[in-house]
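Below you'll find the structure, written out as structure tokens, and then a few comments.
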Amino acid sequence: HPRHHIGDHNGLFAFALTQMITREDIKRFGDTAVDALVAEWTQLDTLRVSKGIIFHDLSPVDRKRALRLVQLIKEKRNGKIKGRTCADGKPQRSYIEESDSTSPTVPFEALMITLMIDALEDRYVVTADVPGSFL
């Protein structure tokens, strides 16, 4: 992308573009989607989420187990376009226990029950966004 320098992000953005991306979203949102992906990768780079590894230095087993990235574009309720990046963990199912691979996410039903109790008891509720909280 002409407005972004791949070298600025240690090649991560170039690598990400070779992984899974919702191409329809890139077509739909254009430069805004690309900017959202760059912002996502900048955050991942700033928080030092990953470290580059040279593919040829990996063992054949590790090469086979390497996970693809899934990159999504989401249009938030306020109209902002947000990039999301996660690993496609499906291949891990054959060699990692499910209990070791799940995310610490609150079940939707539990959240809704808690919110209903808060509303019924007229509780004051505050929300916060923690950048990179699932990293």
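Order determines the names: the first chain of the structure tokens is A, the second B, and so forth; residues in each chain are numbered 1 upward, and ligands are numbered 1 upward as they are shown.
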
Which of chain A DSSP labels helix (DSSP H, G or I), written as a PyMOL selection string: chain A and resi 6-9+12-17+23-29+31-46+55-57+60-65+90-94+98-100+108-120

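For Thr32 of chain A, the list of residues within 9 Å, based on only C-alpha atoms and with local chain neighbours fewer than 6 positions off taken out, reads Ile26, Ile81 and Lys82 of chain A.
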
Would you mind exporting C-alpha atoms of the selected residues as a CSV table (one decimal), in the first residue's frame?
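And here is the file that came out, part-v3.csv:
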```csv
chain,number,residue,atom,x,y,z
A,26,ILE,CA,-10.9,-4.8,1.4
A,81,ILE,CA,-13.6,0.2,10.7
A,82,LYS,CA,-11.5,-2.0,12.9
```

Can you tell me, as number ranges by chain, which residues in chain A count as strand (DSSP E) by DSSP? A: 20-21, 69-75, 81-87

Gap from atom CA of Arg68 of chain A to atom CA of Leu37 of chain A - Å, one decimal: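 Taking atom CA of Arg68 of chain A as the start and atom CA of Leu37 of chain A as the end point, the length is 15.9 Å.
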
Please identify all polymer residues within 12 Å of segment 121-131 of chain A, counting only C-alpha atoms, omitting same-chain residues fewer than 3 positions from it, and present them as an MDAnalysis selection string. chainID A and resid 39:40 43:44 46:47 84 114:118 134:135

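Counting only C-alpha atoms, Asp88 of chain A has the following residues at most 9 Å away, ignoring those fewer than 3 positions along the same chain: Leu67, Arg68, Leu69, Val70, Pro91 and Gln92 of chain A.
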
Please provide the set of residues having any atom within 12 Å of Phe29 of chain A, restricted to only C-alpha atoms, with same-chain residues fewer than 2 positions apart removed, written as a ChimeraX atom specification. /A:22-27,31-37,72-75,79-83
